[in-house]
$ cat input-v5.txt   # compact mmCIF, C-alpha atoms
# COMPACT_ATOMS: atom_id res chain seq x y z
CA MET A 78 -72.89 -118.29 89.07
CA PRO A 79 -73.33 -121.86 90.32
CA LEU A 80 -74.93 -124.55 88.18
CA THR A 81 -78.58 -125.18 89.02
CA ASP A 82 -80.03 -128.70 88.93
CA ALA A 83 -81.66 -127.80 85.62
CA ASP A 84 -78.27 -126.69 84.25
CA LYS A 85 -76.66 -129.95 85.34
CA ASN A 86 -79.36 -131.99 83.62
CA HIS A 87 -78.95 -130.01 80.40
CA VAL A 88 -75.18 -130.51 80.50
CA ARG A 89 -75.45 -134.25 81.16
CA SER A 90 -78.05 -134.65 78.43
CA ILE A 91 -76.12 -133.03 75.59
CA TRP A 92 -72.81 -134.39 76.83
CA SER A 93 -74.10 -137.95 76.66
CA LYS A 94 -74.12 -137.42 72.88
CA ALA A 95 -70.92 -135.39 72.72
CA SER A 96 -68.72 -137.77 74.71
CA GLY A 97 -69.11 -140.47 72.07
CA LYS A 98 -67.68 -138.18 69.38
CA ALA A 99 -64.81 -136.89 71.48
CA GLU A 100 -62.13 -136.97 68.81
CA GLU A 101 -64.19 -135.34 66.06
CA LEU A 102 -65.67 -132.62 68.25
CA GLY A 103 -62.34 -131.93 69.92
CA ALA A 104 -60.47 -131.66 66.63
CA GLN A 105 -63.13 -129.32 65.25
CA ALA A 106 -63.14 -127.06 68.32
CA LEU A 107 -59.34 -126.89 68.44
CA ALA A 108 -58.89 -126.32 64.69
CA ARG A 109 -61.53 -123.59 64.68
CA MET A 110 -59.82 -121.84 67.58
CA LEU A 111 -56.42 -122.01 65.89
CA GLU A 112 -57.79 -120.68 62.60
CA ALA A 113 -60.06 -117.90 63.87
CA PHE A 114 -57.87 -116.72 66.77
CA PRO A 115 -54.25 -116.77 65.56
CA ASN A 116 -52.81 -115.76 68.94
CA THR A 117 -53.69 -119.26 70.13
CA LYS A 118 -51.28 -120.77 67.59
CA THR A 119 -48.41 -119.57 69.75
CA TYR A 120 -49.04 -122.52 72.07
CA PHE A 121 -48.75 -125.04 69.25
CA SER A 122 -45.55 -124.03 67.48
CA HIS A 123 -44.45 -127.67 67.79
CA TYR A 124 -47.34 -128.90 65.64
CA SER A 125 -46.61 -129.41 61.95
CA ASP A 126 -50.27 -129.20 60.93
CA LEU A 127 -52.87 -127.05 62.67
CA SER A 128 -55.79 -127.93 60.42
CA VAL A 129 -58.82 -130.04 61.30
CA LYS A 130 -57.20 -132.91 59.35
CA SER A 131 -54.09 -132.95 61.53
CA GLY A 132 -53.40 -136.11 63.51
CA GLN A 133 -51.87 -134.01 66.27
CA VAL A 134 -54.99 -131.81 66.45
CA HIS A 135 -57.17 -134.93 66.63
CA VAL A 136 -55.17 -136.46 69.47
CA HIS A 137 -55.16 -133.24 71.45
CA GLY A 138 -58.79 -132.42 70.70
CA LYS A 139 -59.86 -135.82 72.04
CA LYS A 140 -57.86 -135.22 75.21
CA ILE A 141 -59.72 -131.97 75.80
CA ILE A 142 -63.20 -133.43 75.29
CA ASP A 143 -62.34 -136.46 77.47
CA ALA A 144 -61.24 -134.09 80.24
CA LEU A 145 -64.55 -132.25 79.94
CA THR A 146 -66.39 -135.57 80.12
CA ASP A 147 -64.55 -136.20 83.37
CA ALA A 148 -65.73 -132.82 84.64
CA VAL A 149 -69.32 -133.67 83.65
CA ASN A 150 -69.04 -136.97 85.54
CA HIS A 151 -67.90 -135.02 88.60
CA ILE A 152 -70.12 -132.03 88.03
CA ASP A 153 -70.60 -131.48 91.76
CA ASP A 154 -66.86 -131.16 92.30
CA ILE A 155 -65.35 -129.64 89.16
CA THR A 156 -62.51 -128.07 91.15
CA GLY A 157 -61.49 -131.49 92.45
CA ALA A 158 -61.83 -133.12 89.03
CA MET A 159 -59.66 -130.42 87.40
CA SER A 160 -57.03 -130.25 90.15
CA ALA A 161 -54.24 -132.18 88.39
CA LEU A 162 -54.94 -130.42 85.08
CA SER A 163 -54.87 -127.08 86.84
CA THR A 164 -51.41 -127.81 88.22
CA LYS A 165 -50.26 -128.82 84.73
CA HIS A 166 -51.64 -125.66 83.09
CA ALA A 167 -50.25 -123.44 85.82
CA HIS A 168 -46.72 -124.73 86.03
CA THR A 169 -45.96 -126.57 82.79
CA LEU A 170 -48.21 -125.35 80.01
CA ARG A 171 -48.76 -121.80 81.32
CA VAL A 172 -51.54 -121.04 78.86
CA ASP A 173 -52.94 -117.56 79.45
CA PRO A 174 -56.38 -118.20 81.02
CA ALA A 175 -58.00 -115.69 78.64
CA ASN A 176 -57.70 -118.44 76.04
CA PHE A 177 -60.01 -120.76 78.01
CA LYS A 178 -62.83 -118.43 77.01
CA THR A 179 -61.80 -118.61 73.37
CA LEU A 180 -61.79 -122.40 73.34
CA SER A 181 -65.10 -122.43 75.24
CA HIS A 182 -66.59 -120.35 72.41
CA THR A 183 -65.45 -122.75 69.69
CA ILE A 184 -66.75 -125.70 71.73
CA LEU A 185 -70.16 -124.00 71.76
CA VAL A 186 -69.93 -123.47 67.98
CA VAL A 187 -69.15 -127.17 67.47
CA LEU A 188 -72.08 -128.24 69.68
CA ALA A 189 -74.35 -125.98 67.60
CA ILE A 190 -73.08 -127.61 64.40
CA TYR A 191 -73.33 -131.22 65.54
CA PHE A 192 -76.43 -131.05 67.74
CA PRO A 193 -78.54 -128.19 66.35
CA ALA A 194 -81.83 -129.50 67.73
CA ASP A 195 -80.40 -130.20 71.20
CA PHE A 196 -78.41 -126.98 71.53
CA THR A 197 -81.36 -124.83 72.59
CA PRO A 198 -80.87 -121.44 74.31
CA GLU A 199 -81.36 -123.14 77.71
CA VAL A 200 -78.75 -125.80 76.95
CA HIS A 201 -76.43 -123.09 75.58
CA LEU A 202 -76.80 -121.24 78.90
CA ALA A 203 -76.05 -124.39 80.92
CA ILE A 204 -72.97 -125.36 78.88
CA ASP A 205 -71.68 -121.78 78.92
CA LYS A 206 -71.90 -121.76 82.73
CA PHE A 207 -70.32 -125.22 82.93
CA LEU A 208 -67.38 -124.22 80.71
CA ALA A 209 -66.91 -121.05 82.76
CA GLU A 210 -66.71 -123.17 85.90
CA VAL A 211 -64.21 -125.54 84.28
CA SER A 212 -62.13 -122.57 83.09
CA TYR A 213 -62.12 -121.11 86.59
CA ALA A 214 -61.07 -124.45 88.08
CA LEU A 215 -58.29 -124.78 85.48
CA ALA A 216 -56.88 -121.39 86.46
CA GLU A 217 -57.07 -122.00 90.24
CA LYS A 218 -53.43 -122.96 90.71
CA TYR A 219 -51.97 -120.17 88.55
CA ARG A 220 -50.98 -117.85 91.37
CA MET B 106 -58.02 -99.86 56.69
CA VAL B 107 -58.88 -103.54 56.96
CA HIS B 108 -57.48 -105.85 54.32
CA TRP B 109 -59.91 -108.42 52.94
CA THR B 110 -58.77 -111.24 50.67
CA ASP B 111 -60.88 -112.16 47.65
CA GLU B 112 -61.70 -115.42 49.41
CA GLU B 113 -62.98 -113.60 52.49
CA ARG B 114 -65.13 -111.25 50.39
CA ASP B 115 -66.54 -114.27 48.56
CA ILE B 116 -67.35 -116.11 51.75
CA ILE B 117 -69.07 -113.10 53.27
CA LYS B 118 -71.12 -112.42 50.14
CA THR B 119 -72.12 -116.06 49.67
CA PHE B 120 -73.27 -116.61 53.22
CA TRP B 121 -74.91 -113.19 53.56
CA GLY B 122 -77.08 -114.13 50.60
CA LYS B 123 -78.36 -117.16 52.49
CA ILE B 124 -79.04 -115.46 55.83
CA ASP B 125 -82.56 -114.43 56.83
CA ALA B 126 -81.87 -111.25 58.82
CA GLU B 127 -85.03 -111.51 60.91
CA GLU B 128 -84.58 -115.15 61.85
CA ALA B 129 -80.85 -114.96 62.52
CA GLY B 130 -81.19 -111.70 64.45
CA HIS B 131 -84.08 -113.03 66.50
CA GLN B 132 -82.25 -116.21 67.43
CA ALA B 133 -79.02 -114.41 68.26
CA LEU B 134 -80.67 -111.78 70.45
CA THR B 135 -82.81 -114.45 72.15
CA ARG B 136 -79.67 -116.39 73.04
CA VAL B 137 -77.95 -113.29 74.41
CA LEU B 138 -80.92 -112.44 76.64
CA VAL B 139 -81.18 -116.06 77.87
CA VAL B 140 -77.49 -116.91 78.27
CA TYR B 141 -76.47 -113.50 79.69
CA PRO B 142 -79.60 -112.34 81.51
CA TRP B 143 -77.97 -109.14 82.76
CA THR B 144 -78.14 -107.86 79.17
CA GLN B 145 -81.87 -107.45 79.75
CA ARG B 146 -80.96 -104.18 81.46
CA TYR B 147 -81.10 -102.50 78.03
CA PHE B 148 -84.57 -103.75 77.22
CA SER B 149 -86.81 -102.69 80.09
CA THR B 150 -89.46 -101.52 77.58
CA PHE B 151 -89.67 -104.90 75.85
CA GLY B 152 -92.30 -106.44 78.12
CA ASN B 153 -92.12 -110.08 79.14
CA LEU B 154 -88.55 -111.40 79.31
CA SER B 155 -89.21 -113.55 82.38
CA LYS B 156 -88.15 -116.90 80.90
CA PRO B 157 -86.58 -118.36 77.75
CA SER B 158 -89.93 -119.15 76.11
CA ALA B 159 -91.17 -115.61 76.79
CA ILE B 160 -87.99 -114.13 75.30
CA ALA B 161 -88.18 -116.39 72.22
CA GLY B 162 -91.83 -115.44 71.69
CA ASN B 163 -91.40 -111.72 72.29
CA PRO B 164 -92.16 -109.71 69.12
CA LYS B 165 -90.00 -106.76 70.25
CA VAL B 166 -87.02 -109.08 70.62
CA ARG B 167 -87.65 -110.37 67.10
CA ALA B 168 -87.98 -106.86 65.67
CA HIS B 169 -84.82 -105.64 67.37
CA GLY B 170 -82.82 -108.72 66.39
CA LYS B 171 -83.84 -108.12 62.79
CA ARG B 172 -82.79 -104.47 62.99
CA VAL B 173 -79.31 -105.39 64.23
CA VAL B 174 -78.63 -107.97 61.52
CA VAL B 175 -80.05 -105.69 58.80
CA ALA B 176 -77.53 -103.07 59.99
CA LEU B 177 -74.79 -105.69 59.65
CA GLY B 178 -75.67 -105.61 55.94
CA ASP B 179 -74.46 -102.00 55.79
CA ALA B 180 -71.03 -103.08 56.96
CA ILE B 181 -71.01 -105.89 54.41
CA LYS B 182 -71.87 -103.44 51.61
CA ASN B 183 -69.01 -101.19 52.77
CA LEU B 184 -66.30 -103.67 53.75
CA ASP B 185 -63.53 -101.20 52.89
CA ASN B 186 -64.96 -98.49 55.11
CA VAL B 187 -66.79 -100.06 58.01
CA LYS B 188 -65.48 -97.53 60.52
CA ALA B 189 -66.93 -94.52 58.67
CA THR B 190 -70.13 -96.43 57.87
CA TYR B 191 -70.74 -97.05 61.58
CA ALA B 192 -69.58 -93.68 62.97
CA LYS B 193 -73.09 -92.43 63.69
CA LEU B 194 -74.22 -95.80 65.08
CA SER B 195 -71.20 -95.81 67.37
CA GLU B 196 -72.09 -92.38 68.70
CA LEU B 197 -75.68 -93.48 69.20
CA HIS B 198 -74.67 -96.54 71.22
CA SER B 199 -72.28 -94.50 73.32
CA GLU B 200 -74.07 -91.22 73.91
CA LYS B 201 -77.72 -92.16 73.76
CA LEU B 202 -78.05 -95.89 74.43
CA HIS B 203 -75.11 -96.18 76.85
CA VAL B 204 -74.40 -99.76 75.86
CA ASP B 205 -71.23 -101.36 77.25
CA PRO B 206 -69.25 -102.49 74.15
CA GLU B 207 -68.73 -105.88 75.81
CA ASN B 208 -72.31 -106.54 74.72
CA PHE B 209 -71.33 -106.22 71.07
CA ARG B 210 -68.94 -109.12 71.66
CA LEU B 211 -71.65 -111.22 73.30
CA LEU B 212 -74.07 -110.63 70.43
CA GLY B 213 -71.33 -111.33 67.89
CA GLU B 214 -70.56 -114.68 69.54
CA ALA B 215 -74.24 -115.57 69.68
CA LEU B 216 -74.63 -114.76 65.98
CA ILE B 217 -71.69 -117.03 65.10
CA ILE B 218 -73.34 -119.82 67.08
CA VAL B 219 -76.68 -119.26 65.31
CA LEU B 220 -74.97 -119.33 61.90
CA ALA B 221 -73.13 -122.51 62.90
CA GLY B 222 -76.45 -124.13 63.82
CA GLN B 223 -78.04 -122.99 60.57
CA PHE B 224 -75.27 -123.99 58.16
CA GLY B 225 -73.83 -127.02 59.96
CA ALA B 226 -70.76 -128.52 58.31
CA ALA B 227 -70.85 -125.84 55.57
CA PHE B 228 -69.79 -123.41 58.29
CA THR B 229 -66.21 -124.67 57.99
CA PRO B 230 -63.31 -123.42 60.12
CA ALA B 231 -62.35 -121.07 57.27
CA VAL B 232 -65.88 -119.69 56.99
CA GLN B 233 -66.08 -119.26 60.76
CA ALA B 234 -62.72 -117.47 60.80
CA THR B 235 -63.93 -115.04 58.13
CA TRP B 236 -67.12 -114.25 60.01
CA GLN B 237 -65.21 -113.86 63.29
CA LYS B 238 -63.00 -111.32 61.50
CA LEU B 239 -66.01 -109.48 60.04
CA LEU B 240 -67.67 -109.24 63.46
CA ALA B 241 -64.41 -108.11 65.09
CA VAL B 242 -64.19 -105.29 62.54
CA VAL B 243 -67.85 -104.36 63.12
CA ILE B 244 -67.37 -104.40 66.90
CA ALA B 245 -64.26 -102.22 66.67
CA ALA B 246 -66.16 -99.72 64.48
CA LEU B 247 -69.14 -99.67 66.85
CA SER B 248 -66.79 -99.05 69.76
CA SER B 249 -64.73 -96.37 68.01
CA LYS B 250 -66.70 -93.28 69.09
CA TYR B 251 -66.83 -94.15 72.77
CA HIS B 252 -65.00 -91.71 75.01
$ encode --input "input-v5.txt" --output "structure tokens"
Amino acid sequence: MPLTDADKNHVRSIWSKASGKAEELGAQALARMLEAFPNTKTYFSHYSDLSVKSGQVHVHGKKIIDALTDAVNHIDDITGAMSALSTKHAHTLRVDPANFKTLSHTILVVLAIYFPADFTPEVHLAIDKFLAEVSYALAEKYR
Amino acid sequence: MVHWTDEERDIIKTFWGKIDAEEAGHQALTRVLVVYPWTQRYFSTFGNLSKPSAIAGNPKVRAHGKRVVVALGDAIKNLDNVKATYAKLSELHSEKLHVDPENFRLLGEALIIVLAGQFGAAFTPAVQATWQKLLAVVIAALSSKYH
């Protein structure tokens, strides 16, 4: 399900607002995932605080959004942009790829909260497709 | 039987009181039909679903969205017995409507996103977690009579 030109424009447009709030959005998305989907906590047993106030969650959440910003900036070659991260997830982190979908969902929830007027059904469609492509690229090196 | 804490029951009751079933249902179903266009396979009698604006303006989509969220109210009134409450609905979706239960998940996710947009920051991680749990219970009940 490749991204159309319209999709890419929608992604760039909403992401131009999101990228500036990377830490806040990232912390929210991560904390919501950890709270609503407890199986995901198994990957963060080394964190002392899993709430949205946690410094660790903020640092990691920002990392995630920044990586997505990188993917947006290379939207015509997401596989290439995600290559190093894919290797890391495959061999070091070994996060079950089913969880990429879970985090994608909480990212959508956070976009709806922070940008309710911009997060129209068409933009929702575009971001959903974009996150699916990023998730696929992240899992490429797994086996 | 599902265990609900007092806090979860409170959250569900409080937010349910502020939800307009027609509006929330309409928006959620619109998003499902736009974001996952293959779901339109179940709505061949709904008329014009050719583009997002047509879907959003379609009165049958609005009516059906309302129906779904109103039915959610039945689960909320019977939190300690959702499975029995939805037994007949589950049979209907399986035997008559032939709906793949994956679609319940898609609609559930869309509804969460609509609620998030409506309530903003008030839709805290704890509130979201409670509603995710409620929808998971509803989805399991709706899927229970499939065979």
$ atom_distance --input "input-v5.txt" --atom1 "atom CA of Asp147 of chain A" --atom2 "atom CA of Gln133 of chain A"
21.4 Å
$ residues_near_point --input "input-v5.txt" --point "(-71.4, -104.5, 75.0)" --cutoff "12 Å" --atoms "all atoms listed in the file" --output "list of chain:residue names"
B:Val137, B:Tyr141, B:Trp143, B:Thr144, B:Gln145, B:Arg146, B:Tyr147, B:Ser195, B:His198, B:Ser199, B:Leu202, B:His203, B:Val204, B:Asp205, B:Pro206, B:Glu207, B:Asn208, B:Phe209, B:Arg210, B:Leu211, B:Leu212, B:Gly213, B:Glu214, B:Ile244, B:Ala245, B:Leu247, B:Ser248, B:Tyr251
$ residues_around --input "input-v5.txt" --residues "Ala215 of chain B" --least-positions-apart "6" --cutoff "8 Å" --atoms "all atoms listed in the file" --output "PyMOL selection string"
chain B and resi 133-134+136-137
$ atom_distance --input "input-v5.txt" --atom1 "atom CA of Ile190 of chain A" --atom2 "atom CA of Leu102 of chain A"
9.7 Å
$ atom_distance --input "input-v5.txt" --atom1 "atom CA of Leu162 of chain A" --atom2 "atom CA of Ser96 of chain A"
18.7 Å
$ residues_around --input "input-v5.txt" --residues "segment 108-122 of chain B" --least-positions-apart "2" --cutoff "9 Å" --atoms "all atoms listed in the file" --output "VMD selection string"
chain B and resid 106 124 to 126 178 181 184 to 185 231 to 232 235 to 236 239
$ closest_residue --input "input-v5.txt" --among "B:Gly130, B:Pro157, B:Gly162, B:Gly152" --to "chain A" --atoms "all atoms listed in the file"
B:Pro157
$ interface_residues --input "input-v5.txt" --of "chain A" --to "chain B" --cutoff "6 Å" --atoms "all atoms listed in the file" --output "list in words"
Arg109, Ala113, Val186, Ala189, Ile190, Pro193, Pro198 and Leu202 of chain A
$ residues_around --input "input-v5.txt" --residues "segment 204-215 of chain A" --least-positions-apart "6" --cutoff "6 Å" --atoms "only C-alpha atoms" --output "PDB file with C-alpha atoms, in the coordinates of the input"
ATOM      1  CA  VAL A  88     -75.180-130.510  80.500  1.00  0.00           C
ATOM      2  CA  THR A 156     -62.510-128.070  91.150  1.00  0.00           C
ATOM      3  CA  SER A 163     -54.870-127.080  86.840  1.00  0.00           C
ATOM      4  CA  PHE A 177     -60.010-120.760  78.010  1.00  0.00           C
TER       5      PHE A 177
END
$ closest_residue --input "input-v5.txt" --among "A:Thr164, A:Gln105, A:Thr117, A:Ser90" --to "Lys178 of chain A" --atoms "only C-alpha atoms"
A:Thr117
$ closest_residue --input "input-v5.txt" --among "A:Ala83, A:Ala158, A:Leu188, A:Leu111" --to "Leu145 of chain A" --atoms "only C-alpha atoms"
A:Ala158
$ closest_residue --input "input-v5.txt" --among "A:Leu185, A:Met78, A:His87, A:Lys140" --to "Glu199 of chain A" --atoms "only C-alpha atoms"
A:His87
